[in-house]
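Visitor: Following this line is query23.pdb, made up of PDB, C-alpha atoms:
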ATOM      1  CA  MET X 289       2.999 -23.251  10.671
ATOM      2  CA  GLU X 290       6.333 -21.508  11.109
ATOM      3  CA  ASN X 291       6.401 -19.082  14.019
ATOM      4  CA  ILE X 292       8.538 -15.973  14.319
ATOM      5  CA  LYS X 293       9.873 -17.198  17.699
ATOM      6  CA  THR X 294      11.263 -20.401  16.162
ATOM      7  CA  SER X 295      12.414 -18.975  12.836
ATOM      8  CA  SER X 296      15.576 -17.168  11.867
ATOM      9  CA  LEU X 297      13.578 -15.099   9.365
ATOM     10  CA  SER X 298      12.388 -11.573  10.102
ATOM     11  CA  PRO X 299       8.627 -10.852  10.184
ATOM     12  CA  GLU X 300       8.904  -9.517   6.634
ATOM     13  CA  GLY X 301      10.893 -12.586   5.621
ATOM     14  CA  LEU X 302       8.284 -14.956   7.033
ATOM     15  CA  PHE X 303       5.460 -13.246   5.210
ATOM     16  CA  ARG X 304       7.539 -13.040   2.032
ATOM     17  CA  LYS X 305       8.022 -16.791   2.284
ATOM     18  CA  TRP X 306       4.232 -17.210   2.440
ATOM     19  CA  ARG X 307       3.752 -14.921  -0.576
ATOM     20  CA  ASN X 308       6.289 -16.865  -2.593
ATOM     21  CA  ALA X 309       4.307 -20.043  -1.926
ATOM     22  CA  HIS X 310       0.757 -18.704  -2.336
ATOM     23  CA  TRP X 311       0.923 -15.648  -4.607
ATOM     24  CA  PRO X 312      -0.521 -15.351  -7.124
ATOM     25  CA  PRO X 313      -3.497 -17.408  -5.891
ATOM     26  CA  LYS X 314      -3.748 -20.743  -7.636
ATOM     27  CA  GLY X 315      -6.794 -21.654  -9.700
ATOM     28  CA  MET X 316      -8.336 -18.175  -9.705
ATOM     29  CA  ARG X 317      -9.200 -15.925 -12.610
ATOM     30  CA  SER X 318      -6.821 -13.004 -13.044
ATOM     31  CA  TYR X 319      -7.678  -9.550 -14.335
ATOM     32  CA  PRO X 320      -5.348  -8.258 -17.087
ATOM     33  CA  ASP X 321      -2.449  -5.988 -16.064
ATOM     34  CA  LEU X 322      -3.460  -5.819 -12.390
ATOM     35  CA  PRO X 323      -2.737  -7.875  -9.233
ATOM     36  CA  LEU X 324      -6.466  -8.656  -9.066
ATOM     37  CA  TYR X 325      -7.762 -12.219  -8.707
ATOM     38  CA  ILE X 326     -11.299 -13.568  -8.658
ATOM     39  CA  GLY X 327     -12.376 -16.929  -7.257
ATOM     40  CA  THR X 328     -15.211 -18.844  -5.687
ATOM     41  CA  HIS X 329     -16.048 -18.470  -2.006
ATOM     42  CA  GLU X 330     -14.327 -21.793  -1.275
ATOM     43  CA  GLN X 331     -11.129 -20.860  -3.141
ATOM     44  CA  VAL X 332     -10.841 -17.475  -1.460
ATOM     45  CA  ALA X 333     -11.687 -18.888   1.974
ATOM     46  CA  GLU X 334      -8.861 -21.429   1.642
ATOM     47  CA  PHE X 335      -6.464 -18.704   0.510
ATOM     48  CA  SER X 336      -7.509 -16.487   3.441
ATOM     49  CA  GLN X 337      -6.995 -19.313   5.910
ATOM     50  CA  THR X 338      -3.377 -19.850   4.879
ATOM     51  CA  MET X 339      -2.743 -16.109   5.082
ATOM     52  CA  GLY X 340      -4.418 -15.913   8.486
ATOM     53  CA  GLU X 341      -2.201 -18.680   9.821
ATOM     54  CA  VAL X 342       1.034 -16.890   9.005
ATOM     55  CA  LEU X 343      -0.328 -13.586  10.355
ATOM     56  CA  LEU X 344      -1.272 -15.371  13.570
ATOM     57  CA  GLY X 345       2.365 -16.404  13.885
ATOM     58  CA  LEU X 346       3.316 -12.728  13.603
ATOM     59  CA  SER X 347       0.626 -11.485  16.006
ATOM     60  CA  SER X 348       3.007 -10.764  18.890
ATOM     61  CA  HIS X 349       5.281  -8.715  16.648
ATOM     62  CA  ILE X 350       2.320  -6.823  15.186
ATOM     63  CA  GLU X 351       0.916  -6.099  18.645
ATOM     64  CA  ASP X 352       4.186  -5.150  20.345
ATOM     65  CA  THR X 353       6.083  -3.405  17.548
ATOM     66  CA  CYS X 354       3.348  -2.155  15.188
ATOM     67  CA  ARG X 355       0.799  -1.058  17.808
ATOM     68  CA  GLY X 356      -1.677  -3.697  16.750
ATOM     69  CA  LYS X 357      -1.846  -2.610  13.113
ATOM     70  CA  ILE X 358      -0.604  -4.756  10.240
ATOM     71  CA  PRO X 359       2.193  -2.668   8.663
ATOM     72  CA  ARG X 360       1.926  -1.713   5.007
ATOM     73  CA  TRP X 361       5.405  -3.006   4.241
ATOM     74  CA  LEU X 362       4.190  -6.576   4.753
ATOM     75  CA  ASP X 363       2.138  -6.193   1.540
ATOM     76  CA  VAL X 364      -0.755  -8.258   2.892
ATOM     77  CA  PRO X 365      -3.260  -8.927   0.068
ATOM     78  CA  LYS X 366      -6.729  -7.502   0.563
ATOM     79  CA  VAL X 367      -9.668  -9.902   0.435
ATOM     80  CA  SER X 368     -13.397  -9.292  -0.108
ATOM     81  CA  PHE X 369     -16.243 -11.816  -0.038
ATOM     82  CA  ASP X 370     -19.721 -11.865  -1.628
ATOM     83  CA  VAL X 371     -18.647  -9.365  -4.293
ATOM     84  CA  LEU X 372     -21.271  -8.223  -6.786
ATOM     85  CA  ARG X 373     -19.326  -5.714  -8.883
ATOM     86  CA  VAL X 374     -16.103  -3.729  -8.951
ATOM     87  CA  ASN X 375     -15.351  -0.251 -10.255
ATOM     88  CA  LEU X 376     -11.708   0.464 -11.140
ATOM     89  CA  THR X 377     -10.507   4.071 -11.256
ATOM     90  CA  GLN X 378      -7.129   5.736 -11.706
ATOM     91  CA  THR X 379      -5.764   8.885 -10.121
ATOM     92  CA  ILE X 380      -2.498  10.673  -9.436
ATOM     93  CA  ALA X 381      -1.677  10.024  -5.799
ATOM     94  CA  LYS X 382       1.384  10.713  -3.695
ATOM     95  CA  ALA X 383       3.508   8.632  -1.386
ATOM     96  CA  SER X 384       4.397  10.468   1.814
ATOM     97  CA  LYS X 385       7.146  10.075   4.425
ATOM     98  CA  GLN X 386       8.229  12.108   7.443
ATOM     99  CA  PHE X 387      11.706  12.544   8.890
ATOM    100  CA  ALA X 388      13.317  14.242  11.858
ATOM    101  CA  ASP X 389      16.680  14.895  10.174
ATOM    102  CA  THR X 390      18.381  14.913   6.793
ATOM    103  CA  ASP X 391      20.386  11.735   7.477
ATOM    104  CA  GLN X 392      17.160   9.709   7.588
ATOM    105  CA  LEU X 393      15.859  11.625   4.578
ATOM    106  CA  VAL X 394      18.854  10.747   2.385
ATOM    107  CA  ARG X 395      18.846   7.087   3.450
ATOM    108  CA  ARG X 396      15.193   6.650   2.505
ATOM    109  CA  CYS X 397      14.681   9.090  -0.370
ATOM    110  CA  GLY X 398      17.979   9.394  -2.233
ATOM    111  CA  ARG X 399      20.485  12.163  -2.888
ATOM    112  CA  PHE X 400      19.673  15.884  -2.710
ATOM    113  CA  ASP X 401      21.613  18.959  -3.704
ATOM    114  CA  ALA X 402      24.104  19.906  -0.960
ATOM    115  CA  ASN X 403      22.754  23.481  -0.759
ATOM    116  CA  THR X 404      19.241  22.093  -0.229
ATOM    117  CA  LEU X 405      20.369  19.903   2.671
ATOM    118  CA  GLN X 406      22.298  22.804   4.189
ATOM    119  CA  LEU X 407      19.184  25.003   4.018
ATOM    120  CA  ILE X 408      17.006  22.356   5.647
ATOM    121  CA  ASN X 409      19.497  21.748   8.456
ATOM    122  CA  ALA X 410      19.661  25.484   9.152
ATOM    123  CA  LYS X 411      15.866  25.736   9.363
ATOM    124  CA  LEU X 412      15.677  22.701  11.663
ATOM    125  CA  LEU X 413      18.216  24.327  13.982
ATOM    126  CA  GLU X 414      16.153  27.517  14.044
ATOM    127  CA  ASN X 415      12.935  25.629  14.839
ATOM    128  CA  PRO X 416      13.322  22.183  16.479
ATOM    129  CA  PHE X 417       9.567  21.591  16.160
ATOM    130  CA  LEU X 418       9.760  21.398  12.371
ATOM    131  CA  TYR X 419       9.986  18.061  10.584
ATOM    132  CA  ILE X 420      10.702  17.056   7.003
ATOM    133  CA  VAL X 421       7.929  15.820   4.738
ATOM    134  CA  ALA X 422       8.760  14.004   1.505
ATOM    135  CA  HIS X 423       6.215  13.447  -1.277
ATOM    136  CA  ARG X 424       6.450  11.485  -4.519
ATOM    137  CA  PRO X 425       3.567  11.271  -7.031
ATOM    138  CA  PHE X 426       2.510   7.987  -8.599
ATOM    139  CA  HIS X 427      -0.337   6.564 -10.683
ATOM    140  CA  ASP X 428      -2.731   4.834  -8.304
ATOM    141  CA  VAL X 429      -5.524   2.397  -9.126
ATOM    142  CA  ARG X 430      -8.400   2.082  -6.692
ATOM    143  CA  ALA X 431     -11.049  -0.592  -6.576
ATOM    144  CA  TYR X 432     -14.532   0.308  -5.377
ATOM    145  CA  VAL X 433     -15.817  -3.092  -4.281
ATOM    146  CA  PHE X 434     -19.582  -3.573  -3.959
ATOM    147  CA  SER X 435     -20.595  -6.563  -1.844
ATOM    148  CA  SER X 436     -23.972  -7.992  -0.938
ATOM    149  CA  ASN X 437     -23.652  -7.412   2.797
ATOM    150  CA  SER X 438     -21.750  -4.161   3.287
ATOM    151  CA  GLU X 439     -21.162  -0.613   2.107
ATOM    152  CA  PRO X 440     -18.794  -0.218  -0.870
ATOM    153  CA  ASP X 441     -15.104  -0.467   0.048
ATOM    154  CA  ARG X 442     -12.481   1.765  -1.558
ATOM    155  CA  LEU X 443      -9.303  -0.292  -1.721
ATOM    156  CA  HIS X 444      -5.736   0.513  -2.777
ATOM    157  CA  PHE X 445      -4.186  -2.709  -4.006
ATOM    158  CA  LEU X 446      -1.444  -2.126  -6.615
ATOM    159  CA  GLN X 447       1.349  -3.052  -4.227
ATOM    160  CA  CYS X 448      -0.294  -5.758  -2.109
ATOM    161  CA  GLY X 449      -2.905  -7.313  -4.438
ATOM    162  CA  LEU X 450      -6.650  -7.920  -4.194
ATOM    163  CA  VAL X 451      -8.608 -11.196  -4.053
ATOM    164  CA  LEU X 452     -12.372 -11.248  -4.613
ATOM    165  CA  ALA X 453     -14.851 -14.021  -3.848
ATOM    166  CA  CYS X 454     -18.121 -14.222  -5.756
ATOM    167  CA  THR X 455     -20.739 -16.795  -6.712
ATOM    168  CA  GLN X 456     -19.886 -16.785 -10.421
ATOM    169  CA  PRO X 457     -16.251 -15.634 -10.870
ATOM    170  CA  ASP X 458     -16.491 -15.546 -14.676
ATOM    171  CA  ASP X 459     -19.579 -13.321 -14.555
ATOM    172  CA  LEU X 460     -18.329 -10.721 -12.078
ATOM    173  CA  LEU X 461     -19.094  -7.221 -13.370
ATOM    174  CA  ILE X 462     -15.904  -5.141 -13.497
ATOM    175  CA  GLN X 463     -16.312  -1.545 -14.629
ATOM    176  CA  ASP X 464     -12.848  -0.498 -15.735
ATOM    177  CA  GLN X 465     -12.702   3.316 -15.780
ATOM    178  CA  ARG X 466      -8.939   3.698 -15.567
ATOM    179  CA  ASN X 467      -9.004   5.867 -18.697
ATOM    180  CA  ILE X 468     -10.911   8.535 -16.713
ATOM    181  CA  TYR X 469      -8.659  10.313 -14.236
ATOM    182  CA  ARG X 470     -10.143  11.671 -11.051
ATOM    183  CA  LYS X 471      -9.436  15.297 -10.177
ATOM    184  CA  ARG X 472      -6.046  15.598  -8.530
ATOM    185  CA  ARG X 473      -6.163  16.265  -4.804
ATOM    186  CA  LYS X 474      -5.025  19.750  -3.771
ATOM    187  CA  ASP X 475      -1.607  19.663  -2.182
ATOM    188  CA  ALA X 476      -1.605  21.258   1.276
ATOM    189  CA  TYR X 477       2.083  22.157   0.982
ATOM    190  CA  GLY X 478       3.635  25.035  -0.961
ATOM    191  CA  ASP X 479       6.678  25.022  -3.229
ATOM    192  CA  SER X 480       9.113  22.241  -2.432
ATOM    193  CA  LEU X 481      12.605  22.960  -1.127
ATOM    194  CA  GLY X 482      14.135  20.437  -3.496
ATOM    195  CA  THR X 483      13.771  17.092  -5.243
ATOM    196  CA  SER X 484      15.935  13.983  -4.873
ATOM    197  CA  ASP X 485      17.428  11.881  -7.627
ATOM    198  CA  THR X 486      14.640   9.340  -7.008
ATOM    199  CA  GLY X 487      11.798  11.837  -7.397
ATOM    200  CA  TRP X 488      11.000  12.746  -3.773
ATOM    201  CA  SER X 489      10.081  16.418  -3.231
ATOM    202  CA  ILE X 490      10.653  17.809   0.256
ATOM    203  CA  TYR X 491       8.885  20.312   2.477
ATOM    204  CA  LEU X 492       9.135  21.503   6.053
ATOM    205  CA  LYS X 493       6.124  21.429   8.344
TER     206      LYS X 493
END
Rewrite the structure of this file - the entire thing - as structure tokens.

Guide:
Amino acid sequence: MENIKTSSLSPEGLFRKWRNAHWPPKGMRSYPDLPLYIGTHEQVAEFSQTMGEVLLGLSSHIEDTCRGKIPRWLDVPKVSFDVLRVNLTQTIAKASKQFADTDQLVRRCGRFDANTLQLINAKLLENPFLYIVAHRPFHDVRAYVFSSNSEPDRLHFLQCGLVLACTQPDDLLIQDQRNIYRKRRKDAYGDSLGTSDTGWSIYLK
């Protein structure tokens, strides 16, 4: 197993190398149009073991730099065992980022109108306790996973992928309700101050 201490690759690069070798999972049933894969307990256990080995090599970085939490940008696939059925739903969600200044905002969210940036900088000077919040809506698919030994899990998996283990992979009940949109969550913020060329709307909080 390649370790971050002996590799020239970054933590993201090491995990990307693992994904290139093991994703999508080999020999598993795929669900149309989604990064969703279904296999036997043995197949998923083997897949999980290889993933666990590379994460173990990154454990020091995760503990020291990420406060013990696996960062989302690693795109670690989610895995569930003993799955009985899955309910797929679709909703309008929003990505969210926070920034202390407009330089960070532009680097991460794209170009904004000059007058908008000037207004934000003026407000930040008036109140140094304010920070910038950027939101961008997207279509999200959630999987409600029902297993034999736990409460249902609500999982977001479009970016990272989802692997399910069940006794009979071909007979797994998947209730696809993506044609029924859930009620959109109420936005806690008022009118945005502007929108970037990549679709990020900004607010001050």

Visitor: With the PyMOL selection byres ((chain X and resi 299-311) around 12) as the selection, what would be picked from this file? Answer as a PDB file with C-alpha atoms, keeping the file's coordinate frame, please.

Guide:
ATOM      1  CA  MET X 289       2.999 -23.251  10.671  1.00  0.00           C
ATOM      2  CA  GLU X 290       6.333 -21.508  11.109  1.00  0.00           C
ATOM      3  CA  ASN X 291       6.401 -19.082  14.019  1.00  0.00           C
ATOM      4  CA  ILE X 292       8.538 -15.973  14.319  1.00  0.00           C
ATOM      5  CA  LYS X 293       9.873 -17.198  17.699  1.00  0.00           C
ATOM      6  CA  THR X 294      11.263 -20.401  16.162  1.00  0.00           C
ATOM      7  CA  SER X 295      12.414 -18.975  12.836  1.00  0.00           C
ATOM      8  CA  SER X 296      15.576 -17.168  11.867  1.00  0.00           C
ATOM      9  CA  LEU X 297      13.578 -15.099   9.365  1.00  0.00           C
ATOM     10  CA  SER X 298      12.388 -11.573  10.102  1.00  0.00           C
ATOM     11  CA  PRO X 312      -0.521 -15.351  -7.124  1.00  0.00           C
ATOM     12  CA  PRO X 313      -3.497 -17.408  -5.891  1.00  0.00           C
ATOM     13  CA  LYS X 314      -3.748 -20.743  -7.636  1.00  0.00           C
ATOM     14  CA  GLY X 315      -6.794 -21.654  -9.700  1.00  0.00           C
ATOM     15  CA  MET X 316      -8.336 -18.175  -9.705  1.00  0.00           C
ATOM     16  CA  SER X 318      -6.821 -13.004 -13.044  1.00  0.00           C
ATOM     17  CA  PRO X 323      -2.737  -7.875  -9.233  1.00  0.00           C
ATOM     18  CA  LEU X 324      -6.466  -8.656  -9.066  1.00  0.00           C
ATOM     19  CA  TYR X 325      -7.762 -12.219  -8.707  1.00  0.00           C
ATOM     20  CA  VAL X 332     -10.841 -17.475  -1.460  1.00  0.00           C
ATOM     21  CA  GLU X 334      -8.861 -21.429   1.642  1.00  0.00           C
ATOM     22  CA  PHE X 335      -6.464 -18.704   0.510  1.00  0.00           C
ATOM     23  CA  SER X 336      -7.509 -16.487   3.441  1.00  0.00           C
ATOM     24  CA  GLN X 337      -6.995 -19.313   5.910  1.00  0.00           C
ATOM     25  CA  THR X 338      -3.377 -19.850   4.879  1.00  0.00           C
ATOM     26  CA  MET X 339      -2.743 -16.109   5.082  1.00  0.00           C
ATOM     27  CA  GLY X 340      -4.418 -15.913   8.486  1.00  0.00           C
ATOM     28  CA  GLU X 341      -2.201 -18.680   9.821  1.00  0.00           C
ATOM     29  CA  VAL X 342       1.034 -16.890   9.005  1.00  0.00           C
ATOM     30  CA  LEU X 343      -0.328 -13.586  10.355  1.00  0.00           C
ATOM     31  CA  LEU X 344      -1.272 -15.371  13.570  1.00  0.00           C
ATOM     32  CA  GLY X 345       2.365 -16.404  13.885  1.00  0.00           C
ATOM     33  CA  LEU X 346       3.316 -12.728  13.603  1.00  0.00           C
ATOM     34  CA  SER X 347       0.626 -11.485  16.006  1.00  0.00           C
ATOM     35  CA  SER X 348       3.007 -10.764  18.890  1.00  0.00           C
ATOM     36  CA  HIS X 349       5.281  -8.715  16.648  1.00  0.00           C
ATOM     37  CA  ILE X 350       2.320  -6.823  15.186  1.00  0.00           C
ATOM     38  CA  THR X 353       6.083  -3.405  17.548  1.00  0.00           C
ATOM     39  CA  CYS X 354       3.348  -2.155  15.188  1.00  0.00           C
ATOM     40  CA  ILE X 358      -0.604  -4.756  10.240  1.00  0.00           C
ATOM     41  CA  PRO X 359       2.193  -2.668   8.663  1.00  0.00           C
ATOM     42  CA  ARG X 360       1.926  -1.713   5.007  1.00  0.00           C
ATOM     43  CA  TRP X 361       5.405  -3.006   4.241  1.00  0.00           C
ATOM     44  CA  LEU X 362       4.190  -6.576   4.753  1.00  0.00           C
ATOM     45  CA  ASP X 363       2.138  -6.193   1.540  1.00  0.00           C
ATOM     46  CA  VAL X 364      -0.755  -8.258   2.892  1.00  0.00           C
ATOM     47  CA  PRO X 365      -3.260  -8.927   0.068  1.00  0.00           C
ATOM     48  CA  CYS X 448      -0.294  -5.758  -2.109  1.00  0.00           C
ATOM     49  CA  GLY X 449      -2.905  -7.313  -4.438  1.00  0.00           C
ATOM     50  CA  LEU X 450      -6.650  -7.920  -4.194  1.00  0.00           C
ATOM     51  CA  VAL X 451      -8.608 -11.196  -4.053  1.00  0.00           C
TER      52      VAL X 451
END

Visitor: Taking (11.2, 20.4, 10.8) as a centre in this file's frame and 12 Å as the limit, can you find every polymer residue with an atom that close, using all atoms listed in the file, and give them as a compact mmCIF listing (two decimals) with C-alpha atoms, keeping the file's coordinate frame?

Guide:
# COMPACT_ATOMS: atom_id res chain seq x y z
CA GLN X 386 8.23 12.11 7.44
CA PHE X 387 11.71 12.54 8.89
CA ALA X 388 13.32 14.24 11.86
CA ASP X 389 16.68 14.90 10.17
CA THR X 390 18.38 14.91 6.79
CA LEU X 393 15.86 11.62 4.58
CA LEU X 407 19.18 25.00 4.02
CA ILE X 408 17.01 22.36 5.65
CA ASN X 409 19.50 21.75 8.46
CA ALA X 410 19.66 25.48 9.15
CA LYS X 411 15.87 25.74 9.36
CA LEU X 412 15.68 22.70 11.66
CA LEU X 413 18.22 24.33 13.98
CA GLU X 414 16.15 27.52 14.04
CA ASN X 415 12.94 25.63 14.84
CA PRO X 416 13.32 22.18 16.48
CA PHE X 417 9.57 21.59 16.16
CA LEU X 418 9.76 21.40 12.37
CA TYR X 419 9.99 18.06 10.58
CA ILE X 420 10.70 17.06 7.00
CA VAL X 421 7.93 15.82 4.74
CA ALA X 422 8.76 14.00 1.50
CA ILE X 490 10.65 17.81 0.26
CA TYR X 491 8.88 20.31 2.48
CA LEU X 492 9.14 21.50 6.05
CA LYS X 493 6.12 21.43 8.34

Visitor: So the first atom is atom CA of Gln378 of chain X and the second is atom CA of Asp479 of chain X; what is the distance between them in Å, to one decimal place?

Guide: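 These atoms are spaced 25.2 Å apart.
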
Visitor: Using all atoms of segment 393-401 of chain X that appear in the file, construct an axis-aligned enclosing box with 3 Å of padding on every side and provide its centre coordinates and edge lengths in Å, rounded to one decimal, as JSON.

Guide:
{"center_x": 18.1, "center_y": 12.8, "center_z": 0.4, "size_x": 12.9, "size_y": 18.3, "size_z": 14.3}

Visitor: So the first atom is atom CA of Pro425 of chain X and the second is atom CA of Ser384 of chain X; what is the distance between them in Å, to one decimal place?

Guide: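 Atom-to-atom, atom CA of Pro425 of chain X to atom CA of Ser384 of chain X, that is 8.9 Å.
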
Visitor: One decimal, in Å: what's the spacing between atom CA of Arg430 of chain X and atom CA of Leu446 of chain X?

Guide: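 Atom CA of Leu446 of chain X lies 8.1 Å from atom CA of Arg430 of chain X.
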
Visitor: Compile the contact shell of Leu443 of chain X as a PDB file with C-alpha atoms, in the frame of the given file: residues with an atom at most 9 Å away, counting only C-alpha atoms, same-chain residues fewer than 3 positions apart removed.

Guide:
ATOM      1  CA  LYS X 366      -6.729  -7.502   0.563  1.00  0.00           C
ATOM      2  CA  VAL X 429      -5.524   2.397  -9.126  1.00  0.00           C
ATOM      3  CA  ARG X 430      -8.400   2.082  -6.692  1.00  0.00           C
ATOM      4  CA  ALA X 431     -11.049  -0.592  -6.576  1.00  0.00           C
ATOM      5  CA  TYR X 432     -14.532   0.308  -5.377  1.00  0.00           C
ATOM      6  CA  VAL X 433     -15.817  -3.092  -4.281  1.00  0.00           C
ATOM      7  CA  LEU X 450      -6.650  -7.920  -4.194  1.00  0.00           C
TER       8      LEU X 450
END

Visitor: Evaluate the PyMOL selection byres ((chain X and resi 398-405) around 7) and record the selected residues as a list in words, following the chain and residue labels used in the document.

Guide: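 Evaluating the PyMOL selection byres ((chain X and resi 398-405) around 7) on these coordinates yields Thr390, Val394, Arg395, Arg396, Cys397, Gln406, Leu407, Ile408, Asn409, Leu481, Gly482, Thr483, Ser484, Asp485 and Thr486 of chain X.
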
Visitor: Kindly resolve the PyMOL selection byres ((chain X and resi 428) around 12) on the present coordinates and return the residues as a compact mmCIF listing (two decimals) with C-alpha atoms, in the frame of the given file.

Guide:
# COMPACT_ATOMS: atom_id res chain seq x y z
CA LEU X 322 -3.46 -5.82 -12.39
CA LEU X 376 -11.71 0.46 -11.14
CA THR X 377 -10.51 4.07 -11.26
CA GLN X 378 -7.13 5.74 -11.71
CA THR X 379 -5.76 8.88 -10.12
CA ILE X 380 -2.50 10.67 -9.44
CA ALA X 381 -1.68 10.02 -5.80
CA LYS X 382 1.38 10.71 -3.70
CA ALA X 383 3.51 8.63 -1.39
CA ARG X 424 6.45 11.48 -4.52
CA PRO X 425 3.57 11.27 -7.03
CA PHE X 426 2.51 7.99 -8.60
CA HIS X 427 -0.34 6.56 -10.68
CA VAL X 429 -5.52 2.40 -9.13
CA ARG X 430 -8.40 2.08 -6.69
CA ALA X 431 -11.05 -0.59 -6.58
CA LEU X 443 -9.30 -0.29 -1.72
CA HIS X 444 -5.74 0.51 -2.78
CA PHE X 445 -4.19 -2.71 -4.01
CA LEU X 446 -1.44 -2.13 -6.62
CA GLN X 447 1.35 -3.05 -4.23
CA ARG X 466 -8.94 3.70 -15.57
CA TYR X 469 -8.66 10.31 -14.24
CA ARG X 470 -10.14 11.67 -11.05
CA ARG X 472 -6.05 15.60 -8.53

Visitor: From the structure block, carefully write segment 443-449 of chain X out with all heavy atoms; format it as a PDB file, in the first residue's frame.

Guide:
ATOM      1  N   LEU X 443     -28.557   9.256   2.163  1.00  0.00           N
ATOM      2  CA  LEU X 443     -27.210   9.428   1.636  1.00  0.00           C
ATOM      3  C   LEU X 443     -27.203  10.276   0.375  1.00  0.00           C
ATOM      4  O   LEU X 443     -27.989  10.050  -0.539  1.00  0.00           O
ATOM      5  CB  LEU X 443     -26.595   8.053   1.318  1.00  0.00           C
ATOM      6  CG  LEU X 443     -26.516   7.064   2.492  1.00  0.00           C
ATOM      7  CD1 LEU X 443     -25.995   5.719   2.008  1.00  0.00           C
ATOM      8  CD2 LEU X 443     -25.637   7.610   3.609  1.00  0.00           C
ATOM      9  N   HIS X 444     -26.294  11.252   0.325  1.00  0.00           N
ATOM     10  CA  HIS X 444     -26.015  12.013  -0.890  1.00  0.00           C
ATOM     11  C   HIS X 444     -24.839  11.318  -1.580  1.00  0.00           C
ATOM     12  O   HIS X 444     -23.806  11.108  -0.966  1.00  0.00           O
ATOM     13  CB  HIS X 444     -25.631  13.451  -0.546  1.00  0.00           C
ATOM     14  CG  HIS X 444     -26.678  14.194   0.220  1.00  0.00           C
ATOM     15  ND1 HIS X 444     -27.531  15.101  -0.366  1.00  0.00           N
ATOM     16  CD2 HIS X 444     -27.020  14.161   1.526  1.00  0.00           C
ATOM     17  CE1 HIS X 444     -28.348  15.591   0.548  1.00  0.00           C
ATOM     18  NE2 HIS X 444     -28.051  15.037   1.703  1.00  0.00           N
ATOM     19  N   PHE X 445     -24.976  11.003  -2.857  1.00  0.00           N
ATOM     20  CA  PHE X 445     -23.947  10.175  -3.467  1.00  0.00           C
ATOM     21  C   PHE X 445     -23.617  10.537  -4.915  1.00  0.00           C
ATOM     22  O   PHE X 445     -22.791   9.859  -5.536  1.00  0.00           O
ATOM     23  CB  PHE X 445     -24.377   8.708  -3.413  1.00  0.00           C
ATOM     24  CG  PHE X 445     -25.582   8.392  -4.273  1.00  0.00           C
ATOM     25  CD1 PHE X 445     -25.420   7.866  -5.553  1.00  0.00           C
ATOM     26  CD2 PHE X 445     -26.870   8.627  -3.824  1.00  0.00           C
ATOM     27  CE1 PHE X 445     -26.522   7.577  -6.355  1.00  0.00           C
ATOM     28  CE2 PHE X 445     -27.965   8.342  -4.618  1.00  0.00           C
ATOM     29  CZ  PHE X 445     -27.797   7.813  -5.884  1.00  0.00           C
ATOM     30  N   LEU X 446     -24.222  11.576  -5.483  1.00  0.00           N
ATOM     31  CA  LEU X 446     -24.001  11.884  -6.893  1.00  0.00           C
ATOM     32  C   LEU X 446     -22.532  12.128  -7.213  1.00  0.00           C
ATOM     33  O   LEU X 446     -22.042  11.749  -8.273  1.00  0.00           O
ATOM     34  CB  LEU X 446     -24.829  13.093  -7.311  1.00  0.00           C
ATOM     35  CG  LEU X 446     -26.291  12.840  -7.670  1.00  0.00           C
ATOM     36  CD1 LEU X 446     -26.942  14.120  -8.168  1.00  0.00           C
ATOM     37  CD2 LEU X 446     -26.421  11.746  -8.715  1.00  0.00           C
ATOM     38  N   GLN X 447     -21.821  12.774  -6.328  1.00  0.00           N
ATOM     39  CA  GLN X 447     -20.427  13.110  -6.597  1.00  0.00           C
ATOM     40  C   GLN X 447     -19.486  11.966  -6.240  1.00  0.00           C
ATOM     41  O   GLN X 447     -18.533  11.680  -6.977  1.00  0.00           O
ATOM     42  CB  GLN X 447     -20.027  14.365  -5.816  1.00  0.00           C
ATOM     43  CG  GLN X 447     -18.607  14.825  -6.114  1.00  0.00           C
ATOM     44  CD  GLN X 447     -18.289  16.164  -5.493  1.00  0.00           C
ATOM     45  OE1 GLN X 447     -19.174  16.894  -5.050  1.00  0.00           O
ATOM     46  NE2 GLN X 447     -17.019  16.515  -5.445  1.00  0.00           N
ATOM     47  N   CYS X 448     -19.745  11.280  -5.122  1.00  0.00           N
ATOM     48  CA  CYS X 448     -18.786  10.280  -4.648  1.00  0.00           C
ATOM     49  C   CYS X 448     -19.136   8.846  -5.047  1.00  0.00           C
ATOM     50  O   CYS X 448     -18.259   7.998  -5.176  1.00  0.00           O
ATOM     51  CB  CYS X 448     -18.665  10.364  -3.127  1.00  0.00           C
ATOM     52  SG  CYS X 448     -20.213  10.031  -2.245  1.00  0.00           S
ATOM     53  N   GLY X 449     -20.428   8.540  -5.238  1.00  0.00           N
ATOM     54  CA  GLY X 449     -20.843   7.186  -5.577  1.00  0.00           C
ATOM     55  C   GLY X 449     -21.342   6.416  -4.366  1.00  0.00           C
ATOM     56  O   GLY X 449     -21.045   6.760  -3.214  1.00  0.00           O
TER      57      GLY X 449
END
